[in-house]
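Containing compact mmCIF, C-alpha atoms: protein.txt.
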```txt
# COMPACT_ATOMS: atom_id res chain seq x y z
CA MET A 687 -34.28 14.25 -53.80
CA LYS A 688 -36.47 16.88 -52.23
CA THR A 689 -36.11 19.30 -55.15
CA PRO A 690 -37.56 17.08 -57.95
CA ALA A 691 -40.47 16.00 -55.75
CA ALA A 692 -41.25 19.58 -54.83
CA LEU A 693 -41.04 20.65 -58.49
CA PHE A 694 -43.31 17.79 -59.45
CA CYS A 695 -45.85 18.77 -56.79
CA LEU A 696 -45.76 22.39 -57.93
CA PHE A 697 -46.24 21.35 -61.56
CA ALA A 698 -49.12 19.02 -60.62
CA ALA A 699 -50.81 21.72 -58.56
CA PHE A 700 -50.42 24.29 -61.37
CA SER A 701 -51.80 21.84 -63.95
CA ALA A 702 -54.77 21.04 -61.78
CA LEU A 703 -55.60 24.68 -61.14
CA SER A 704 -55.09 26.09 -64.64
CA HIS A 705 -58.06 25.60 -66.94
CA ALA A 706 -59.58 26.86 -70.13
CA GLU A 707 -63.14 28.03 -70.46
CA MET A 708 -64.32 29.23 -73.82
CA ALA A 709 -67.67 30.99 -73.68
CA THR A 710 -69.77 33.27 -75.83
CA GLU A 711 -71.05 36.61 -74.51
CA LEU A 712 -74.65 35.42 -74.73
CA PRO A 713 -76.03 31.95 -73.96
CA ALA A 714 -77.45 31.73 -77.51
CA ILE A 715 -76.82 33.70 -80.69
CA GLU A 716 -79.99 34.91 -82.37
CA VAL A 717 -80.12 34.91 -86.16
CA LYS A 718 -83.09 36.66 -87.77
CA PRO A 719 -83.12 36.48 -91.57
CA GLN A 720 -85.43 38.66 -93.64
CA PRO A 721 -88.12 36.94 -95.76
CA ALA A 722 -86.18 37.27 -99.03
CA ASP A 723 -82.79 36.23 -97.58
CA GLU A 724 -81.19 33.11 -99.01
CA VAL A 725 -78.04 33.32 -96.88
CA VAL A 726 -77.48 35.26 -93.68
CA LYS A 727 -74.18 35.93 -91.91
CA VAL A 728 -73.80 36.75 -88.23
CA SER A 729 -70.71 37.51 -86.18
CA PHE A 730 -70.40 36.68 -82.50
CA LYS A 731 -67.96 37.42 -79.69
CA PHE A 732 -66.49 34.94 -77.26
CA ARG A 733 -63.73 34.87 -74.67
CA ASN A 734 -61.27 32.45 -73.19
CA LYS A 735 -62.25 32.90 -69.54
CA GLY A 736 -59.76 30.31 -68.37
CA THR A 737 -56.14 30.47 -67.29
CA LYS A 738 -54.46 28.69 -70.17
CA PRO A 739 -54.37 29.05 -73.96
CA VAL A 740 -56.90 27.10 -76.03
CA LYS A 741 -56.58 25.88 -79.59
CA ILE A 742 -59.69 25.37 -81.74
CA LEU A 743 -59.03 22.10 -83.56
CA ASP A 744 -62.22 21.80 -85.60
CA LEU A 745 -65.79 23.05 -85.91
CA GLU A 746 -68.72 20.65 -86.33
CA SER A 747 -72.27 21.75 -87.03
CA SER A 748 -75.52 19.99 -86.16
CA CYS A 749 -76.93 21.23 -89.48
CA SER A 750 -75.38 21.42 -92.92
CA CYS A 751 -77.24 24.74 -93.19
CA LEU A 752 -74.87 26.27 -90.63
CA SER A 753 -71.16 26.82 -91.09
CA ALA A 754 -68.76 28.98 -89.11
CA GLU A 755 -65.18 30.09 -88.75
CA MET A 756 -63.17 31.74 -85.97
CA ASP A 757 -60.79 34.67 -86.48
CA LYS A 758 -57.80 32.66 -85.17
CA ALA A 759 -56.84 29.17 -84.10
CA GLU A 760 -55.51 29.85 -80.60
CA TYR A 761 -56.78 32.14 -77.84
CA GLN A 762 -54.74 33.24 -74.85
CA PRO A 763 -56.26 33.49 -71.34
CA GLY A 764 -58.67 36.44 -71.23
CA GLU A 765 -58.48 36.97 -74.99
CA GLU A 766 -61.62 37.87 -76.90
CA GLY A 767 -62.32 36.25 -80.24
CA THR A 768 -64.78 36.75 -83.07
CA GLY A 769 -66.59 34.07 -84.97
CA THR A 770 -68.56 34.35 -88.19
CA ALA A 771 -71.46 32.01 -88.84
CA GLU A 772 -73.24 31.57 -92.16
CA PHE A 773 -76.73 30.16 -92.34
CA LYS A 774 -78.39 28.98 -95.55
CA VAL A 775 -82.02 29.93 -95.06
CA SER A 776 -83.43 27.82 -97.89
CA THR A 777 -87.03 26.87 -97.07
CA PHE A 778 -86.70 26.91 -93.27
CA VAL A 779 -89.43 28.71 -91.38
CA GLY A 780 -90.06 29.27 -87.68
CA ARG A 781 -87.64 28.96 -84.76
CA HIS A 782 -84.84 26.42 -84.92
CA GLU A 783 -82.01 25.69 -82.51
CA LYS A 784 -78.75 24.67 -84.14
CA ILE A 785 -75.56 23.72 -82.34
CA LEU A 786 -72.02 24.40 -83.48
CA THR A 787 -69.46 22.29 -81.64
CA ALA A 788 -65.89 23.59 -81.41
CA LEU A 789 -63.38 20.84 -80.70
CA THR A 790 -60.54 22.17 -78.54
CA ASP A 791 -57.18 20.93 -77.29
CA ASP A 792 -58.30 21.40 -73.68
CA PRO A 793 -58.97 18.03 -72.04
CA GLN A 794 -61.38 19.70 -69.63
CA GLN A 795 -63.45 21.29 -72.41
CA GLN A 796 -62.86 19.11 -75.43
CA GLU A 797 -66.20 20.12 -76.92
CA TRP A 798 -67.43 23.68 -76.63
CA GLU A 799 -71.02 24.05 -77.82
CA ILE A 800 -72.25 27.30 -79.33
CA THR A 801 -76.03 27.61 -79.64
CA PHE A 802 -77.72 29.50 -82.45
CA ILE A 803 -81.42 30.33 -82.46
CA LEU A 804 -82.68 30.85 -85.98
CA ASP A 805 -85.93 32.73 -86.26
CA ILE A 806 -87.22 32.75 -89.82
CA PRO A 807 -90.50 34.50 -90.59
CA ALA A 808 -93.23 32.29 -92.05
CA VAL A 809 -94.32 34.41 -95.00
CA VAL A 810 -96.77 31.71 -96.06
CA ASP A 811 -98.18 29.68 -93.21
CA ILE A 812 -100.12 26.51 -94.08
CA GLU A 813 -101.86 24.87 -91.15
CA PRO A 814 -102.23 21.96 -91.04
CA LYS A 815 -99.46 21.22 -93.50
CA THR A 816 -100.76 17.68 -94.06
CA LEU A 817 -104.34 16.48 -94.28
CA GLN A 818 -104.60 12.88 -93.14
CA TRP A 819 -107.08 10.06 -93.54
CA TRP A 820 -106.69 6.44 -92.47
CA ILE A 821 -107.44 3.55 -94.79
CA GLY A 822 -111.19 2.84 -94.63
CA ASP A 823 -112.12 6.28 -93.24
CA GLU A 824 -115.34 7.98 -94.37
CA LEU A 825 -114.94 10.23 -97.41
CA MET A 826 -114.93 13.39 -95.33
CA GLU A 827 -113.79 16.84 -96.43
CA LYS A 828 -110.84 18.33 -94.57
CA THR A 829 -109.56 21.88 -94.76
CA THR A 830 -106.24 23.62 -94.39
CA THR A 831 -105.73 27.35 -93.90
CA VAL A 832 -103.18 29.32 -95.91
CA LYS A 833 -102.16 32.60 -94.26
CA MET A 834 -100.06 35.19 -96.08
CA ASN A 835 -97.93 37.12 -93.60
CA ALA A 836 -96.04 39.29 -96.08
CA ASP A 837 -95.99 43.10 -95.90
CA THR A 838 -98.02 43.28 -99.09
CA PRO A 839 -101.08 41.10 -99.89
CA MET A 840 -100.45 37.81 -101.67
CA LYS A 841 -103.02 35.87 -103.62
CA ILE A 842 -103.35 32.21 -104.48
CA THR A 843 -103.37 32.06 -108.27
CA ASN A 844 -103.72 28.30 -108.81
CA ILE A 845 -103.69 24.94 -107.05
CA THR A 846 -102.94 21.55 -108.62
CA ALA A 847 -102.84 18.09 -107.04
CA THR A 848 -100.25 15.40 -107.72
CA ARG A 849 -102.94 12.67 -107.45
CA ASP A 850 -106.31 12.23 -109.15
CA ASN A 851 -107.65 10.57 -106.05
CA VAL A 852 -108.80 13.86 -104.45
CA ASP A 853 -111.21 16.67 -105.18
CA PHE A 854 -110.20 20.09 -103.91
CA SER A 855 -111.32 23.71 -103.94
CA TRP A 856 -110.21 26.96 -102.30
CA LYS A 857 -111.82 30.17 -101.20
CA GLU A 858 -110.61 33.55 -100.05
CA ILE A 859 -111.33 34.31 -96.39
CA LYS A 860 -109.46 37.66 -96.11
CA PRO A 861 -108.40 39.16 -99.46
CA GLY A 862 -104.66 38.73 -99.98
CA GLN A 863 -104.21 37.37 -96.46
CA GLU A 864 -106.09 34.19 -95.74
CA TYR A 865 -107.39 31.29 -97.83
CA GLN A 866 -109.09 28.02 -97.01
CA VAL A 867 -108.34 24.92 -99.08
CA THR A 868 -110.75 21.99 -98.87
CA VAL A 869 -109.76 18.47 -99.90
CA LYS A 870 -111.92 15.35 -100.16
CA PRO A 871 -110.61 11.92 -101.16
CA LYS A 872 -112.55 9.96 -103.81
CA THR A 873 -111.66 6.73 -102.02
CA THR A 874 -109.78 5.72 -98.86
CA LYS A 875 -109.22 2.11 -99.94
CA ASP A 876 -105.60 2.51 -101.01
CA VAL A 877 -102.49 4.06 -99.54
CA THR A 878 -102.09 7.47 -101.16
CA LEU A 879 -99.43 10.09 -100.55
CA GLY A 880 -99.92 13.30 -102.48
CA ALA A 881 -99.33 17.01 -102.57
CA LEU A 882 -101.16 20.19 -103.46
CA LYS A 883 -99.02 22.67 -105.38
CA ILE A 884 -100.20 26.12 -104.34
CA GLU A 885 -99.13 28.96 -106.63
CA THR A 886 -99.08 32.55 -105.39
CA ASP A 887 -98.40 35.96 -106.91
CA SER A 888 -95.52 36.64 -104.46
CA LYS A 889 -92.67 38.75 -105.85
CA ILE A 890 -90.17 36.61 -103.92
CA PRO A 891 -89.47 33.49 -106.02
CA LYS A 892 -89.28 31.03 -103.11
CA TYR A 893 -92.82 31.92 -102.03
CA GLN A 894 -94.33 31.61 -105.51
CA ARG A 895 -94.91 27.89 -105.04
CA GLN A 896 -95.87 26.32 -101.74
CA LEU A 897 -96.73 22.73 -100.96
CA ALA A 898 -99.35 21.16 -98.74
CA PHE A 899 -99.60 17.38 -98.44
CA PHE A 900 -102.27 14.76 -97.97
CA SER A 901 -102.03 11.12 -96.99
CA ILE A 902 -104.27 8.09 -96.78
CA TYR A 903 -102.35 5.56 -94.75
CA ASN A 904 -102.65 2.48 -92.58
CA LYS A 905 -103.45 3.44 -89.02
CA PRO A 906 -100.35 2.72 -86.91
CA ALA A 907 -100.89 0.04 -84.30
CA GLU A 908 -98.10 1.16 -81.97
CA THR A 909 -94.85 3.07 -81.92
CA PRO A 910 -92.32 1.02 -83.89
CA LYS A 911 -89.27 -0.29 -82.12
CA VAL A 912 -86.31 -2.21 -83.43
CA PRO A 913 -87.48 -5.87 -83.32
CA MET B 527 -30.38 2.03 -56.24
CA LYS B 528 -31.01 5.67 -55.37
CA ALA B 529 -32.20 6.39 -58.89
CA ILE B 530 -34.66 3.48 -58.76
CA SER B 531 -36.12 4.61 -55.43
CA GLN B 532 -36.46 8.18 -56.72
CA SER B 533 -38.21 6.90 -59.85
CA LEU B 534 -40.55 4.82 -57.74
CA ILE B 535 -41.39 7.83 -55.57
CA LEU B 536 -42.08 9.95 -58.66
CA LEU B 537 -44.24 7.21 -60.14
CA SER B 538 -46.16 6.92 -56.88
CA LEU B 539 -46.74 10.66 -56.79
CA ALA B 540 -47.96 10.59 -60.39
CA ALA B 541 -50.28 7.68 -59.59
CA VAL B 542 -51.70 9.54 -56.58
CA ALA B 543 -52.29 12.66 -58.71
CA ALA B 544 -53.94 10.59 -61.46
CA PHE B 545 -56.13 8.75 -58.97
CA GLY B 546 -57.15 12.05 -57.38
CA THR B 547 -58.06 13.54 -60.75
CA TYR B 548 -60.04 10.47 -61.80
CA THR B 549 -61.89 10.31 -58.49
CA TRP B 550 -62.71 13.94 -57.82
CA HIS B 551 -62.46 15.90 -61.07
CA PRO B 552 -65.94 16.57 -62.50
CA LYS B 553 -64.79 16.19 -66.11
CA ALA B 554 -62.30 13.35 -65.64
CA PRO B 555 -62.01 11.27 -68.82
CA ALA B 556 -63.16 7.64 -68.81
CA LEU B 557 -60.50 5.00 -68.19
CA PHE B 558 -61.61 3.13 -71.29
CA LEU B 559 -63.83 3.90 -74.26
CA THR B 560 -67.34 2.54 -74.30
CA GLN B 561 -69.71 2.39 -77.23
CA GLU B 562 -72.81 4.47 -76.70
CA PRO B 563 -75.84 2.16 -76.84
CA LEU B 564 -78.42 2.54 -79.62
CA ARG B 565 -81.58 4.41 -78.75
CA ASP B 566 -84.98 2.82 -79.47
CA ASP B 567 -85.22 4.62 -82.81
CA GLU B 568 -81.59 4.05 -83.89
CA VAL B 569 -80.04 1.23 -85.87
CA SER B 570 -76.55 0.19 -86.87
CA MET B 571 -75.39 -1.85 -89.86
CA PRO B 572 -75.35 -5.17 -87.91
CA VAL B 573 -78.95 -4.51 -86.82
CA ILE B 574 -80.00 -3.76 -90.41
CA ARG B 575 -78.37 -7.00 -91.60
CA GLU B 576 -79.75 -9.15 -88.80
CA LYS B 577 -83.24 -7.79 -88.32
CA PHE B 578 -84.12 -6.53 -91.79
CA ALA B 579 -81.83 -8.75 -93.91
CA GLY B 580 -80.54 -5.56 -95.48
CA GLU B 581 -83.96 -4.89 -97.07
CA VAL B 582 -84.52 -1.24 -96.22
CA LEU B 583 -85.34 2.03 -97.93
CA TRP B 584 -82.60 4.59 -97.33
CA ILE B 585 -83.37 8.29 -96.97
CA ASP B 586 -80.40 10.64 -97.17
CA ALA B 587 -81.10 13.78 -95.13
CA ARG B 588 -77.96 15.61 -96.26
CA PRO B 589 -78.03 18.58 -98.66
CA ALA B 590 -78.39 17.87 -102.38
CA ASP B 591 -74.74 18.60 -103.24
CA GLN B 592 -73.45 16.09 -100.68
CA PHE B 593 -76.03 13.55 -101.83
CA ALA B 594 -74.94 14.08 -105.44
CA ALA B 595 -71.31 13.39 -104.51
CA ALA B 596 -72.09 9.98 -102.95
CA HIS B 597 -74.95 8.21 -101.22
CA MET B 598 -76.31 4.79 -100.31
CA PRO B 599 -77.49 2.84 -103.36
CA GLY B 600 -81.16 3.57 -104.05
CA ALA B 601 -81.37 6.29 -101.39
CA LEU B 602 -83.91 9.10 -101.68
CA ASN B 603 -82.70 12.60 -100.90
CA VAL B 604 -85.00 14.39 -98.45
CA SER B 605 -83.07 17.05 -96.57
CA GLU B 606 -84.19 19.32 -93.78
CA GLN B 607 -83.64 22.45 -95.88
CA GLN B 608 -85.42 21.35 -99.08
CA PHE B 609 -87.90 19.08 -97.33
CA ASP B 610 -91.11 19.93 -99.21
CA GLU B 611 -89.57 20.24 -102.68
CA GLN B 612 -87.62 17.00 -102.39
CA LEU B 613 -90.41 15.05 -100.71
CA VAL B 614 -92.83 15.82 -103.52
CA GLN B 615 -90.41 14.12 -105.96
CA HIS B 616 -90.45 10.89 -103.92
CA LEU B 617 -94.15 10.47 -103.20
CA ASP B 618 -94.46 7.48 -105.56
CA ALA B 619 -91.47 5.71 -104.00
CA LEU B 620 -92.77 6.28 -100.47
CA GLN B 621 -96.31 5.25 -101.42
CA MET B 622 -95.05 1.95 -102.88
CA ASN B 623 -92.61 1.28 -100.06
CA SER B 624 -93.19 -1.54 -97.59
CA LYS B 625 -89.65 -1.77 -96.20
CA PRO B 626 -88.35 -0.16 -93.00
CA VAL B 627 -87.05 3.34 -93.68
CA ILE B 628 -83.52 4.16 -92.50
CA ILE B 629 -82.58 7.84 -92.41
CA TYR B 630 -79.04 9.17 -92.20
CA CYS B 631 -77.29 12.53 -92.23
CA SER B 632 -73.62 13.44 -92.28
CA GLY B 633 -72.33 12.16 -88.95
CA GLN B 634 -72.62 11.80 -85.22
CA LYS B 635 -73.35 15.47 -84.52
CA CYS B 636 -75.95 16.14 -87.20
CA GLU B 637 -79.61 16.23 -86.27
CA ALA B 638 -81.13 16.39 -89.75
CA SER B 639 -81.98 12.67 -89.87
CA ARG B 640 -83.99 12.92 -86.67
CA LYS B 641 -85.77 16.10 -87.82
CA VAL B 642 -86.64 14.51 -91.17
CA MET B 643 -87.87 11.33 -89.47
CA GLU B 644 -90.05 13.29 -87.06
CA ARG B 645 -91.62 15.25 -89.91
CA LEU B 646 -92.26 12.18 -92.06
CA LYS B 647 -93.85 10.35 -89.14
CA GLU B 648 -95.93 13.38 -88.18
CA MET B 649 -97.20 13.58 -91.76
CA GLY B 650 -98.03 9.87 -91.77
CA PHE B 651 -95.71 9.25 -94.74
CA VAL B 652 -93.63 6.52 -93.09
CA LYS B 653 -94.46 3.86 -90.54
CA ASP B 654 -91.30 2.01 -89.50
CA ALA B 655 -88.53 4.57 -89.61
CA PHE B 656 -85.18 4.59 -87.85
CA ILE B 657 -82.05 6.73 -87.60
CA PHE B 658 -78.75 5.27 -88.77
CA LYS B 659 -76.34 5.93 -85.89
CA GLY B 660 -73.15 7.66 -87.01
CA GLY B 661 -74.60 8.78 -90.33
CA TRP B 662 -72.74 8.97 -93.62
CA SER B 663 -69.32 9.03 -91.91
CA VAL B 664 -69.96 5.41 -90.83
CA LEU B 665 -71.85 4.32 -93.98
CA GLU B 666 -69.10 5.62 -96.24
CA LYS B 667 -66.64 3.22 -94.59
CA GLU B 668 -69.18 0.38 -94.72
CA ILE B 669 -69.75 0.62 -98.46
CA SER B 670 -66.04 0.95 -99.24
CA LYS B 671 -65.29 -2.36 -97.45
```
Reformat the file's structure so that it appears as structure tokens.
Amino acid sequence: MKTPAALFCLFAAFSALSHAEMATELPAIEVKPQPADEVVKVSFKFRNKGTKPVKILDLESSCSCLSAEMDKAEYQPGEEGTGTAEFKVSTFVGRHEKILTALTDDPQQQEWEITFILDIPAVVDIEPKTLQWWIGDELMEKTTTVKMNADTPMKITNITATRDNVDFSWKEIKPGQEYQVTVKPKTTKDVTLGALKIETDSKIPKYQRQLAFFSIYNKPAETPKVP
Amino acid sequence: MKAISQSLILLSLAAVAAFGTYTWHPKAPALFLTQEPLRDDEVSMPVIREKFAGEVLWIDARPADQFAAAHMPGALNVSEQQFDEQLVQHLDALQMNSKPVIIYCSGQKCEASRKVMERLKEMGFVKDAFIFKGGWSVLEKEISK
């Protein structure tokens, strides 16, 4: 009688004490694509810092732009592993945090989150990206600044608007580096959503056409909530 | 009789261990599953049916290849990655729209729908916009019913 109870207690104590703890070497993995990169791959190290083996059951990403795979499915206590993440740069710019969740067989760490910080240089920076007027506003000019942050100068070669409801013009502030685009609506009576297609002489195809937007919209009364 | 008493003792020990784990363990699992409540800016299919009578404009925030494979009827594809290029194709539809906008991405873990909603609101291109909780993984089951 005493033997099974003692064995049970030993087993229970061992189960309670043993644990898995998957962790990366760094709190976040930095990914820094170059301006012309379409896809960037990064490898990262991690370790099972716990006292029992862990199986990676699945990997889920917070962004369809980020995918990853691990070098094996199961990691023994103390074992180091390597993961490979692939990020589709597309038209992302600036700093973005993306989370990869590894689902494990460990009840104490069912979801292990791996943080990636993506830092993509803004080769063409348009600020503000959208020029806004409210319905009924005065027909005032508004300007947006286009900054070229490439290694070599870039020029605006042409701008077209998707709507006839605006007049626009642009001027060079710093040759090959900075431009100012001015937009003025012809009327603010109707809701209008439009874009300015800004063409540049960049040698990198994805920077040859940039978009800025303009909107004439109803002024929101309050933050919408589900009725 | 002895076997029964031994079984009862073992069961009691197991119950004590389970109770201890549930009470003191920091990551003890819940005793039963609960449904996470909707946030202020989230909707579910019953909410869409009840509050909007199903009259909504869907925006699919997944990448173009996933959108091409399947999507909600009438949905516009505006993903986080191709935001500008895709948005410019849907300016007419958004300008004409007067329905609530419901944005979805692939599933529970994705954040693209929220990012797209924040950008559209910031730009003043949508007024009443909400996230569909659970994303395409839930919608896919809904439309196959």
For chain B, the nearest of the candidates A:Val869, A:Ile821, A:Ala836, A:Ile842, counting all atoms listed in the file = A:Ile821
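Among the candidates A:Ala722, A:Ile742, A:Val852, A:Leu882, the residue lying nearest to chain B is A:Leu882 (atoms considered: only C-alpha atoms).
Residue nearest chain B, chosen from A:Arg733, A:Lys738, A:Lys727, A:His782 and counting all atoms listed in the file: A:His782.
Interatomic distance, atom CA of Lys659 of chain B to atom CA of Gln634 of chain B: 7.0 Å.
Note that the spacing between atom CA of Asp791 of chain A and atom CA of Thr710 of chain A amounts to 17.7 Å.
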Atom CA of Val717 of chain A sits from atom CA of Trp798 of chain A at a separation of 19.4 Å
Can you pull out the residues contacting Ser605 of chain B? Cut-off 12 Å, using all atoms listed in the file, and skip same-chain residues under 6 positions away; I want them as an mmCIF file with C-alpha atoms, in the coordinates of the input.
```cif
data_model
loop_
_atom_site.group_PDB
_atom_site.id
_atom_site.type_symbol
_atom_site.label_atom_id
_atom_site.label_comp_id
_atom_site.auth_asym_id
_atom_site.auth_seq_id
_atom_site.Cartn_x
_atom_site.Cartn_y
_atom_site.Cartn_z
ATOM 1 C CA CYS A 749 -76.930 21.230 -89.480
ATOM 2 C CA SER A 750 -75.380 21.420 -92.920
ATOM 3 C CA CYS A 751 -77.240 24.740 -93.190
ATOM 4 C CA SER A 776 -83.430 27.820 -97.890
ATOM 5 C CA THR A 777 -87.030 26.870 -97.070
ATOM 6 C CA PHE A 778 -86.700 26.910 -93.270
ATOM 7 C CA ILE B 585 -83.370 8.290 -96.970
ATOM 8 C CA ASP B 586 -80.400 10.640 -97.170
ATOM 9 C CA ALA B 587 -81.100 13.780 -95.130
ATOM 10 C CA ARG B 588 -77.960 15.610 -96.260
ATOM 11 C CA PRO B 589 -78.030 18.580 -98.660
ATOM 12 C CA ALA B 590 -78.390 17.870 -102.380
ATOM 13 C CA ASP B 591 -74.740 18.600 -103.240
ATOM 14 C CA GLN B 592 -73.450 16.090 -100.680
ATOM 15 C CA PHE B 593 -76.030 13.550 -101.830
ATOM 16 C CA GLU B 611 -89.570 20.240 -102.680
ATOM 17 C CA GLN B 612 -87.620 17.000 -102.390
ATOM 18 C CA LEU B 613 -90.410 15.050 -100.710
ATOM 19 C CA ILE B 629 -82.580 7.840 -92.410
ATOM 20 C CA TYR B 630 -79.040 9.170 -92.200
ATOM 21 C CA CYS B 631 -77.290 12.530 -92.230
ATOM 22 C CA SER B 632 -73.620 13.440 -92.280
ATOM 23 C CA CYS B 636 -75.950 16.140 -87.200
ATOM 24 C CA GLU B 637 -79.610 16.230 -86.270
ATOM 25 C CA ALA B 638 -81.130 16.390 -89.750
ATOM 26 C CA SER B 639 -81.980 12.670 -89.870
ATOM 27 C CA ARG B 640 -83.990 12.920 -86.670
ATOM 28 C CA LYS B 641 -85.770 16.100 -87.820
ATOM 29 C CA VAL B 642 -86.640 14.510 -91.170
ATOM 30 C CA MET B 643 -87.870 11.330 -89.470
ATOM 31 C CA ARG B 645 -91.620 15.250 -89.910
ATOM 32 C CA LEU B 646 -92.260 12.180 -92.060
#
```
Just need the residues of chain B within 9 Å of chain A, counting all atoms listed in the file, so spit them out as a PyMOL selection string.
-> chain B and resi 532+535-536+539-540+543+547+553-555+566-569+573+577+588-589+606-611+614+617-618+620-622+632-638+648-656
Smallest atom-to-atom distance to Asp744 of chain A: which of A:Glu799, A:Gln720, A:Thr843, A:Lys875, using all atoms listed in the file?
-> A:Glu799
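Distance annotation: of A:Gln866, A:Lys718, A:Pro739, A:Lys872, the residue with the minimal separation from Asp823 of chain A is A:Lys872; atom set is all atoms listed in the file.
Residues in contact with Glu707 of chain A at up to 6 Å, not including ones fewer than 4 positions away on its chain and judged by only C-alpha atoms, are Asn734, Lys735 and Gly736 of chain A.
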